[in-house]
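Down below is the structure, laid out as structure tokens.
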Amino acid sequence: MPSWIGQAFRRGILTSRFPRAPASREEVPETSRPPVLPPGLERIAVLGRAADDCPTGAITADGLYHGRCIRCARCTRQGFTFGGRALANASRPEDLYSPGGGPLPERLGPAPLAGLGRSLQLFLVDAGSCLACNREVLALANPYYDAARLGITFVNSPHHADVLVVVGIPTRPILEPLRRAYEALPGPKAVLAIGACALEGGLFRGNPGTQAPLYETLPVDLFVPGCPPSPLDILAGVLTLAGRMKCLPGVPA
Ligand code: SF4
Ligand code: SF4
């Protein structure tokens, strides 16, 4: 027996079991989870201090808007932790606002592609990313995440796609190609915005060469927050659009 076959038997299956089984802690590390203000702290004082420290304006005196959070961890100096559960994906920006900085309710977004069965084609557009979100999305095609086992593949033309996946803050030159790519998708179709930059511009919000947020350019169906989100968060977003998610990564059913 060739040695590589023997090695395969010894190692067993290494591909993630998500979504058939909940994600492990290693698959959704704490740093990819949202910050949360634990109970028992003097909220108004902590939020005030953390708001002064937060580089993106995600924290205000009233709460935390996860759409702007870049996971820089500065707020941990004031008492926030990253040990919370995975963040719900959302169909509206306001669903990512947590009054008082506590955890958001566990919630799955809408499923506009529920009628498409088990086959989903993704067309990825990098509108102006730092490449980290881009890399996490493309990780879905590697043998560990192996999205193809779930019928999810990447295509090279929007004409063949069901989902327009957008990463990065939209730069002005990409706005028209983005609109054309969206128009080229046959229906039913959906737009998935990945990461803080695509949601609200992240650290680059207000840059004169950009136009954030993405939802002012395209009708975004689902937001997956993070900087970058983990591949399983992104996979959960894609499966949510198809109505195939029972629970979010790290959140028991
Ligand atoms: S981790 Fe998020 S909320 Fe905390 S300071 Fe950084 S950007 Fe602001
Ligand atoms: S959200 Fe963060 S990781 Fe993603 S493109 Fe923007 S800066 Fe990079």
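Numbering starts fresh at 1 for the residues of each chain in the structure tokens, the chains themselves are lettered A, B, ... in the order given, and ligands are numbered from 1 as they appear.
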
Q | DSSP helix (DSSP H, G or I) residues within stretch 1-172 of chain A, listed as JSON, numbers by chain | A | {"A": [3, 4, 5, 6, 7, 8, 9, 10, 11, 30, 31, 32, 43, 44, 45, 46, 47, 48, 49, 50, 51, 52, 53, 66, 67, 68, 74, 75, 76, 77, 78, 93, 94, 95, 96, 114, 115, 116, 132, 133, 134, 135, 136, 137, 138, 139, 140, 141, 147, 148, 149, 150, 158, 159, 160, 172]}

(Q) Show me, as an MDAnalysis selection string, the residues that have an atom within 12 Å of A:Leu199 when counting only C-alpha atoms, minus same-chain residues fewer than 3 positions from it. (A) chainID A and resid 65:70 89:94 96 127 129 166:170 191:196 202:205 211:229

Include C-alpha atoms and write out the residues we just selected as a short mmCIF file (atom, residue, chain, number, x, y, z; two decimals), in the first residue's frame.
data_model
loop_
_atom_site.label_atom_id
_atom_site.label_comp_id
_atom_site.auth_asym_id
_atom_site.auth_seq_id
_atom_site.Cartn_x
_atom_site.Cartn_y
_atom_site.Cartn_z
CA TYR A 65 -22.28 48.86 16.84
CA HIS A 66 -20.65 45.63 15.64
CA GLY A 67 -20.75 46.72 12.01
CA ARG A 68 -17.82 49.08 12.71
CA CYS A 69 -15.77 46.84 14.99
CA ILE A 70 -12.36 45.86 13.61
CA ASN A 89 -25.28 37.58 11.00
CA ALA A 90 -27.80 40.23 10.09
CA SER A 91 -29.89 41.53 7.25
CA ARG A 92 -30.08 45.08 8.59
CA PRO A 93 -27.25 47.24 9.99
CA GLU A 94 -29.37 48.11 13.03
CA LEU A 96 -25.78 44.68 14.71
CA ALA A 127 -13.99 46.16 -3.77
CA SER A 129 -9.84 45.03 0.82
CA VAL A 166 -18.24 41.58 -1.62
CA VAL A 167 -15.17 42.20 0.54
CA GLY A 168 -13.43 45.50 1.24
CA ILE A 169 -14.51 49.12 1.31
CA PRO A 170 -15.93 50.14 -2.09
CA VAL A 191 -25.52 40.04 -2.00
CA LEU A 192 -23.34 39.00 0.92
CA ALA A 193 -21.20 41.75 2.52
CA ILE A 194 -18.17 40.37 4.34
CA GLY A 195 -16.20 42.24 7.00
CA ALA A 196 -16.21 45.66 8.62
CA GLY A 202 -13.90 49.90 8.82
CA LEU A 203 -10.78 51.94 9.48
CA PHE A 204 -11.02 53.54 6.04
CA ARG A 205 -14.47 55.07 6.48
CA GLN A 211 -17.81 55.21 -0.80
CA ALA A 212 -19.02 53.30 2.24
CA PRO A 213 -21.27 51.72 3.28
CA LEU A 214 -21.85 49.12 0.56
CA TYR A 215 -25.60 48.99 1.20
CA GLU A 216 -25.90 52.48 -0.30
CA THR A 217 -24.65 51.03 -3.61
CA LEU A 218 -26.13 47.52 -3.65
CA PRO A 219 -29.10 45.84 -1.93
CA VAL A 220 -27.17 43.80 0.65
CA ASP A 221 -29.09 40.74 1.84
CA LEU A 222 -26.77 39.66 4.64
CA PHE A 223 -23.90 41.19 6.61
CA VAL A 224 -21.16 39.04 8.14
CA PRO A 225 -19.26 41.29 10.59
CA GLY A 226 -15.62 40.84 11.58
CA CYS A 227 -12.15 41.97 10.58
CA PRO A 228 -11.86 39.51 9.03
CA PRO A 229 -14.66 37.07 9.88
#

Q) Using only C-alpha atoms and all ligand atoms, what are the residues with an atom within 8 Å of ligand 1, set out as a ChimeraX atom specification? A) /A:34-35,50-51,53-59,64-66,68-76,80

Taking C-alpha atoms for each residue, export the selection above as a PDB file, in the first residue's frame.
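Written file, result05.pdb:
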ATOM      1  CA  PRO A  34     -17.310  40.003  18.991  1.00  0.00           C
ATOM      2  CA  PRO A  35     -16.337  42.099  22.001  1.00  0.00           C
ATOM      3  CA  ALA A  50     -13.979  52.754  25.718  1.00  0.00           C
ATOM      4  CA  ALA A  51     -15.661  55.150  23.274  1.00  0.00           C
ATOM      5  CA  ASP A  53     -10.326  54.620  22.866  1.00  0.00           C
ATOM      6  CA  CYS A  54     -12.233  52.940  20.011  1.00  0.00           C
ATOM      7  CA  PRO A  55     -10.585  53.874  16.669  1.00  0.00           C
ATOM      8  CA  THR A  56     -13.655  53.331  14.477  1.00  0.00           C
ATOM      9  CA  GLY A  57     -16.451  54.823  16.554  1.00  0.00           C
ATOM     10  CA  ALA A  58     -17.985  51.381  17.096  1.00  0.00           C
ATOM     11  CA  ILE A  59     -18.445  52.161  20.787  1.00  0.00           C
ATOM     12  CA  LEU A  64     -21.642  48.975  20.590  1.00  0.00           C
ATOM     13  CA  TYR A  65     -22.276  48.862  16.836  1.00  0.00           C
ATOM     14  CA  HIS A  66     -20.652  45.629  15.642  1.00  0.00           C
ATOM     15  CA  ARG A  68     -17.824  49.077  12.710  1.00  0.00           C
ATOM     16  CA  CYS A  69     -15.773  46.842  14.995  1.00  0.00           C
ATOM     17  CA  ILE A  70     -12.357  45.856  13.611  1.00  0.00           C
ATOM     18  CA  ARG A  71     -11.436  43.557  16.558  1.00  0.00           C
ATOM     19  CA  CYS A  72      -8.479  45.728  17.546  1.00  0.00           C
ATOM     20  CA  ALA A  73      -9.015  44.759  21.223  1.00  0.00           C
ATOM     21  CA  ARG A  74      -8.372  48.253  22.581  1.00  0.00           C
ATOM     22  CA  CYS A  75     -11.658  48.072  24.484  1.00  0.00           C
ATOM     23  CA  THR A  76     -10.349  45.102  26.497  1.00  0.00           C
ATOM     24  CA  PHE A  80     -14.623  44.270  27.294  1.00  0.00           C
TER      25      PHE A  80
END

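Nearest to ligand 2 of all the residues A:Leu175, A:Ile234, A:Leu14, A:Leu108 is A:Ile234, counting only C-alpha atoms and all ligand atoms.
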
Q) How would you write, as a PyMOL selection string, the set of residues in stretch 32-219 of chain A that DSSP gives as strand (DSSP E or B)? A) chain A and resi 36+59+63-65+81+90+97-99+120-128+152-154+163-168+171+190-194+210

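Residue nearest ligand 2 within the list A:Val155, A:Leu47, A:Leu150, A:Ser32: A:Ser32 [criterion: smallest interatomic distance, only C-alpha atoms and all ligand atoms].
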
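Among the candidate residues A:Pro188, A:Pro103, A:Gly243, A:Gly128, the one lying nearest to ligand 2 is A:Gly128, with distances computed using only C-alpha atoms and all ligand atoms.
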
Q. Near A:Asn156, counting only C-alpha atoms, which residues have an atom at most 10 Å away, once you skip same-chain residues fewer than 6 positions from it, shown as number ranges by chain?
A. A: 121-124

Keeping only N, CA and C atoms, take the residues you just selected and write them out as a PDB file, in the first residue's frame.
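again.pdb, written as the output of this step:
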ATOM      1  N   GLN A 121     -23.577  28.993  -6.306  1.00  0.00           N
ATOM      2  CA  GLN A 121     -22.359  29.488  -6.940  1.00  0.00           C
ATOM      3  C   GLN A 121     -22.076  30.906  -6.440  1.00  0.00           C
ATOM      4  N   LEU A 122     -20.812  31.131  -6.082  1.00  0.00           N
ATOM      5  CA  LEU A 122     -20.411  32.422  -5.524  1.00  0.00           C
ATOM      6  C   LEU A 122     -19.519  33.168  -6.513  1.00  0.00           C
ATOM      7  N   PHE A 123     -19.770  34.473  -6.637  1.00  0.00           N
ATOM      8  CA  PHE A 123     -18.875  35.336  -7.417  1.00  0.00           C
ATOM      9  C   PHE A 123     -18.303  36.370  -6.460  1.00  0.00           C
ATOM     10  N   LEU A 124     -16.980  36.333  -6.278  1.00  0.00           N
ATOM     11  CA  LEU A 124     -16.320  37.181  -5.289  1.00  0.00           C
ATOM     12  C   LEU A 124     -15.806  38.463  -5.942  1.00  0.00           C
TER      13      LEU A 124
END

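Excluding A:Val46 itself and same-chain residues fewer than 3 positions from it, the residues having an atom within 10 Å of it are Leu37, Leu41, Glu42, Arg43, Arg49, Ala50, Ala51, Ala61, Cys75, Arg77, Gln78, Gly79, Phe80, Gly100 and Gly101 of chain A, counting only C-alpha atoms.
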
Q.
Report, in Å with one decimal, the straight-line distance from atom CA of A:Glu136 to atom CA of A:Pro231.
A. 5.3 Å

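If you measure from each of A:Gly117, A:Leu185, A:Cys197, A:Thr153 to A:Asn134 using only C-alpha atoms, the closest one turns out to be A:Cys197.
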
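Considering the residues A:Leu178, A:Tyr144, A:Ser157, A:Ala132 and counting only C-alpha atoms and all ligand atoms, ligand 2 has its shortest atom-to-atom contact with A:Ala132.
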
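For A:Ala111, the residues within 6 Å (counting only C-alpha atoms, excluding itself and residues fewer than 5 positions away along the chain) are Thr240, Leu241, Ala242 and Gly243 of chain A.
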
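Note that atom CA of A:Ala198 and atom CA of A:Thr171 are 10.4 Å apart.
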
If you count only C-alpha atoms, which residues fall within 9 Å of A:Ala23, apart from same-chain ones fewer than 3 positions away, as an mmCIF file with N, CA and C atoms, in the first residue's frame?
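Result went into out-v5.cif, see below:
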data_model
loop_
_atom_site.group_PDB
_atom_site.id
_atom_site.type_symbol
_atom_site.label_atom_id
_atom_site.label_comp_id
_atom_site.auth_asym_id
_atom_site.auth_seq_id
_atom_site.Cartn_x
_atom_site.Cartn_y
_atom_site.Cartn_z
ATOM 1 N N SER A 16 -13.458 20.038 8.234
ATOM 2 C CA SER A 16 -14.364 20.508 9.290
ATOM 3 C C SER A 16 -15.701 19.773 9.222
ATOM 4 N N ARG A 17 -16.274 19.504 10.379
ATOM 5 C CA ARG A 17 -17.584 18.848 10.414
ATOM 6 C C ARG A 17 -18.720 19.866 10.405
ATOM 7 N N PHE A 18 -18.399 21.147 10.494
ATOM 8 C CA PHE A 18 -19.426 22.184 10.436
ATOM 9 C C PHE A 18 -20.047 22.212 9.026
ATOM 10 N N PRO A 19 -21.361 22.287 8.848
ATOM 11 C CA PRO A 19 -22.393 22.596 9.854
ATOM 12 C C PRO A 19 -23.085 21.352 10.425
ATOM 13 N N GLU A 26 -11.386 26.048 18.434
ATOM 14 C CA GLU A 26 -10.235 26.356 17.573
ATOM 15 C C GLU A 26 -10.706 26.909 16.228
ATOM 16 N N GLU A 27 -11.868 26.464 15.770
ATOM 17 C CA GLU A 27 -12.344 26.917 14.461
ATOM 18 C C GLU A 27 -12.902 28.336 14.514
ATOM 19 N N VAL A 28 -13.421 28.722 15.655
ATOM 20 C CA VAL A 28 -13.913 30.099 15.814
ATOM 21 C C VAL A 28 -13.174 30.688 17.013
ATOM 22 N N LEU A 232 -15.647 30.000 8.835
ATOM 23 C CA LEU A 232 -16.917 29.370 9.216
ATOM 24 C C LEU A 232 -18.028 30.401 9.370
ATOM 25 N N LEU A 248 -25.612 29.197 14.415
ATOM 26 C CA LEU A 248 -24.401 29.874 13.997
ATOM 27 C C LEU A 248 -23.173 29.148 14.555
ATOM 28 N N PRO A 249 -21.984 29.367 13.952
ATOM 29 C CA PRO A 249 -20.801 28.680 14.449
ATOM 30 C C PRO A 249 -20.582 28.963 15.934
ATOM 31 N N GLY A 250 -20.364 27.944 16.710
ATOM 32 C CA GLY A 250 -20.089 28.121 18.122
ATOM 33 C C GLY A 250 -21.334 28.308 18.966
ATOM 34 N N VAL A 251 -22.498 28.405 18.333
ATOM 35 C CA VAL A 251 -23.738 28.576 19.084
ATOM 36 C C VAL A 251 -24.518 27.266 19.040
#

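For the atom pair formed by atom CA of A:Ala190 and atom CA of A:Glu30, the distance is 29.1 Å, given to one decimal.
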